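Have a look at the structure below before the remarks.
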Amino acid sequence: MNMKHRLQKNKFKIFFLFLITFLIVEPLETPIIDATLGFILILAFSFSPYFISPGKGTFALALSAIFLCICIDIFPLNCAPDIVRSALQVIGVLIYFVIISYIFWYTISSEVVSTDLIFLSLTGYFLIGIGFYLAYDVLQDLGLIVFKPKLILSKDELLYFSYTALATLGFGDFVPVTDMGRRLANVESCLGVLYVAVFIGRLIGLHAGTRKKGSGKD
């Protein structure tokens, strides 16, 4: 088995391990390392639909996601009007969730359980948390979300809050006090529970179907 085939077979396993490593070591990194690893993560995430289903549409989706990330995060639009910057941020979040939806669709529509499929599903769960973190960040900048006891949360605090909501931990150290924030946190919590339920149910169903086919052959 050559290197290209190995990468193709284990692409989402590599992506998952890289994502977990990034989330664990991110607070310890220098700004340069953080920016470099973050850009690699953006590239891998943006092209995940193309890896799943190569085509012009998925390739264009990847390029548009990378372009928005470059404009918003890597080269911030400080000179652009606020409405332009806000519009691009909102569009970027929407594209992010389109990619997440594509990953989820692939997970539930696959007919074969593979190690790569499992790692892709696990990656999708963690990416939902990052997606809502981006949404909280944009809406906080627009003044639509306010928290207590701190009115404005840092990016690290927003990421922490997003994952506590996704996992339905409910620590309560940061609480949204606006209707928009509460509704978004509720949606994230429901998605977190449903994703795990659908993911586990799908794997069990595929495994049972595989065993049934195997028994039929005997």
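Here, A, B, ... name the chains of the structure tokens in the order displayed, residue numbers run from 1 inside each chain, and ligands are numbered from 1 in the same displayed order.
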
Quick one: residues within 12 Å of region 40-46 of chain A, only C-alpha atoms counted, chain neighbours fewer than 6 positions away excluded, as a PyMOL selection string? chain A and resi 11-23+33-34+52+58-70+73-74+92+95-100+102-103+120+123-124+126-128+130-131

Output N, CA and C atoms for every residue in that selection, as a compact mmCIF listing (two decimals), in the first residue's frame.
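Result saved to out20.txt:
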```
# COMPACT_ATOMS: atom_id res chain seq x y z
N LYS A 11 -7.71 9.60 5.78
CA LYS A 11 -7.70 11.07 5.76
C LYS A 11 -8.46 11.67 6.94
N PHE A 12 -9.61 11.10 7.28
CA PHE A 12 -10.39 11.69 8.36
C PHE A 12 -9.87 11.27 9.74
N LYS A 13 -9.19 10.14 9.81
CA LYS A 13 -8.52 9.78 11.05
C LYS A 13 -7.41 10.79 11.36
N ILE A 14 -6.66 11.16 10.32
CA ILE A 14 -5.60 12.16 10.49
C ILE A 14 -6.20 13.50 10.87
N PHE A 15 -7.29 13.87 10.22
CA PHE A 15 -7.97 15.13 10.52
C PHE A 15 -8.45 15.16 11.97
N PHE A 16 -9.04 14.07 12.43
CA PHE A 16 -9.53 14.00 13.81
C PHE A 16 -8.40 14.14 14.82
N LEU A 17 -7.32 13.42 14.60
CA LEU A 17 -6.19 13.49 15.52
C LEU A 17 -5.57 14.89 15.53
N PHE A 18 -5.50 15.51 14.36
CA PHE A 18 -4.97 16.87 14.28
C PHE A 18 -5.88 17.85 15.00
N LEU A 19 -7.19 17.68 14.83
CA LEU A 19 -8.16 18.56 15.49
C LEU A 19 -8.07 18.46 17.01
N ILE A 20 -8.01 17.23 17.53
CA ILE A 20 -7.92 17.03 18.98
C ILE A 20 -6.62 17.62 19.52
N THR A 21 -5.53 17.38 18.79
CA THR A 21 -4.24 17.95 19.21
C THR A 21 -4.31 19.47 19.25
N PHE A 22 -4.93 20.06 18.24
CA PHE A 22 -5.06 21.52 18.18
C PHE A 22 -5.86 22.04 19.37
N LEU A 23 -6.98 21.39 19.70
CA LEU A 23 -7.82 21.86 20.80
C LEU A 23 -7.13 21.71 22.15
N ILE A 33 2.60 29.77 15.91
CA ILE A 33 2.23 28.36 15.80
C ILE A 33 0.72 28.21 15.75
N ASP A 34 0.03 28.99 16.57
CA ASP A 34 -1.43 28.94 16.60
C ASP A 34 -2.01 29.30 15.23
N ILE A 52 -14.88 13.84 0.46
CA ILE A 52 -16.01 12.91 0.52
C ILE A 52 -16.56 12.65 -0.87
N THR A 58 -18.25 20.90 -4.73
CA THR A 58 -17.56 20.80 -3.44
C THR A 58 -16.22 21.53 -3.46
N PHE A 59 -15.58 21.56 -4.64
CA PHE A 59 -14.32 22.30 -4.75
C PHE A 59 -14.58 23.81 -4.62
N ALA A 60 -15.64 24.29 -5.25
CA ALA A 60 -16.00 25.71 -5.15
C ALA A 60 -16.38 26.07 -3.72
N LEU A 61 -17.07 25.17 -3.03
CA LEU A 61 -17.43 25.39 -1.63
C LEU A 61 -16.17 25.53 -0.77
N ALA A 62 -15.19 24.68 -1.03
CA ALA A 62 -13.94 24.72 -0.27
C ALA A 62 -13.21 26.04 -0.51
N LEU A 63 -13.12 26.45 -1.77
CA LEU A 63 -12.42 27.70 -2.08
C LEU A 63 -13.12 28.91 -1.46
N SER A 64 -14.44 28.92 -1.47
CA SER A 64 -15.17 30.05 -0.88
C SER A 64 -14.96 30.09 0.63
N ALA A 65 -14.93 28.92 1.28
CA ALA A 65 -14.70 28.88 2.73
C ALA A 65 -13.31 29.38 3.07
N ILE A 66 -12.31 28.96 2.30
CA ILE A 66 -10.93 29.41 2.55
C ILE A 66 -10.80 30.90 2.31
N PHE A 67 -11.44 31.40 1.25
CA PHE A 67 -11.37 32.84 0.94
C PHE A 67 -11.95 33.67 2.09
N LEU A 68 -13.09 33.24 2.62
CA LEU A 68 -13.71 33.99 3.72
C LEU A 68 -12.85 33.94 4.97
N CYS A 69 -12.25 32.78 5.25
CA CYS A 69 -11.38 32.67 6.42
C CYS A 69 -10.16 33.57 6.29
N ILE A 70 -9.60 33.64 5.09
CA ILE A 70 -8.45 34.51 4.87
C ILE A 70 -8.84 35.97 5.08
N ASP A 73 -10.11 36.19 9.22
CA ASP A 73 -9.23 35.82 10.32
C ASP A 73 -7.75 36.12 10.05
N ILE A 74 -7.28 35.79 8.86
CA ILE A 74 -5.86 35.91 8.60
C ILE A 74 -5.48 37.34 8.23
N GLY A 92 -19.53 33.54 6.41
CA GLY A 92 -18.54 32.52 6.77
C GLY A 92 -19.08 31.48 7.72
N ILE A 95 -21.44 29.18 5.74
CA ILE A 95 -20.70 28.21 4.93
C ILE A 95 -20.13 27.11 5.82
N TYR A 96 -19.66 27.50 7.00
CA TYR A 96 -19.13 26.51 7.95
C TYR A 96 -20.19 25.45 8.24
N PHE A 97 -21.42 25.88 8.51
CA PHE A 97 -22.47 24.92 8.86
C PHE A 97 -22.95 24.13 7.64
N VAL A 98 -22.79 24.70 6.45
CA VAL A 98 -23.07 23.91 5.24
C VAL A 98 -22.12 22.73 5.15
N ILE A 99 -20.84 22.98 5.44
CA ILE A 99 -19.85 21.90 5.41
C ILE A 99 -20.15 20.87 6.50
N ILE A 100 -20.53 21.35 7.70
CA ILE A 100 -20.90 20.44 8.78
C ILE A 100 -22.08 19.57 8.36
N TYR A 102 -22.88 18.71 5.37
CA TYR A 102 -22.39 17.76 4.37
C TYR A 102 -21.74 16.55 5.03
N ILE A 103 -20.95 16.83 6.06
CA ILE A 103 -20.31 15.74 6.81
C ILE A 103 -21.37 14.87 7.48
N LEU A 120 -14.59 10.38 11.05
CA LEU A 120 -15.26 11.52 10.45
C LEU A 120 -16.45 11.95 11.30
N THR A 123 -15.17 13.65 14.35
CA THR A 123 -14.70 14.99 13.97
C THR A 123 -15.87 15.95 13.82
N GLY A 124 -16.96 15.47 13.21
CA GLY A 124 -18.14 16.29 13.03
C GLY A 124 -18.69 16.83 14.34
N PHE A 126 -17.02 17.47 17.18
CA PHE A 126 -16.15 18.54 17.67
C PHE A 126 -16.27 19.80 16.81
N LEU A 127 -16.48 19.61 15.51
CA LEU A 127 -16.61 20.76 14.62
C LEU A 127 -17.90 21.53 14.87
N ILE A 128 -18.95 20.86 15.35
CA ILE A 128 -20.18 21.56 15.71
C ILE A 128 -19.89 22.57 16.82
N ILE A 130 -17.05 24.05 17.44
CA ILE A 130 -16.30 25.18 16.87
C ILE A 130 -17.24 26.08 16.06
N GLY A 131 -18.19 25.48 15.35
CA GLY A 131 -19.13 26.27 14.56
C GLY A 131 -19.97 27.20 15.42
```

Using only C-alpha atoms, which residues sit within 10 Å of Ala185 (chain A) once same-chain residues fewer than 2 positions away are excluded, as a list in words?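 The filter keeps Phe132, Tyr136, Phe161, Ser162, Thr164, Ala165, Leu166, Thr168, Val175, Pro176, Asp179, Met180, Gly181, Arg182, Arg183, Val187, Glu188, Ser189, Cys190 and Leu191 of chain A.
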
Ranking A:Lys9, A:Val177, A:Val198, A:Phe51 by minimum distance to Ile108 (chain A) and counting only C-alpha atoms, which one comes first?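 Ranking A:Lys9, A:Val177, A:Val198, A:Phe51 by distance to Ile108 (chain A), first place goes to A:Val198.
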
DSSP on the backbone: what in region 6-179 of chain A comes out helix (DSSP H, G or I), as a ChimeraX atom specification? /A:6-9,11-28,31-46,48-52,56-74,82-109,115-141,155-166,179

From the list A:Trp105, A:Tyr125, A:Tyr160, A:Phe174, the nearest residue to Gly192 (chain A) using only C-alpha atoms is A:Tyr125

A straight line from CA of Tyr133 (chain A) to CA of Leu153 (chain A) spans 11.1 Å

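As for CA of Ser101 (chain A) and CA of Ile83 (chain A), they are spaced 26.9 Å apart.
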
Contacts of Leu206 (chain A) within 12 Å, only C-alpha atoms, excl. fewer than 6 positions in-chain, as a ChimeraX atom specification: /A:107-114,117-118,198-200,212-213

DSSP-assigned strand (DSSP E or B) among region 4-203 of chain A, expressed as a list of chain:residue names: A:Phe147, A:Lys148, A:Val175, A:Pro176
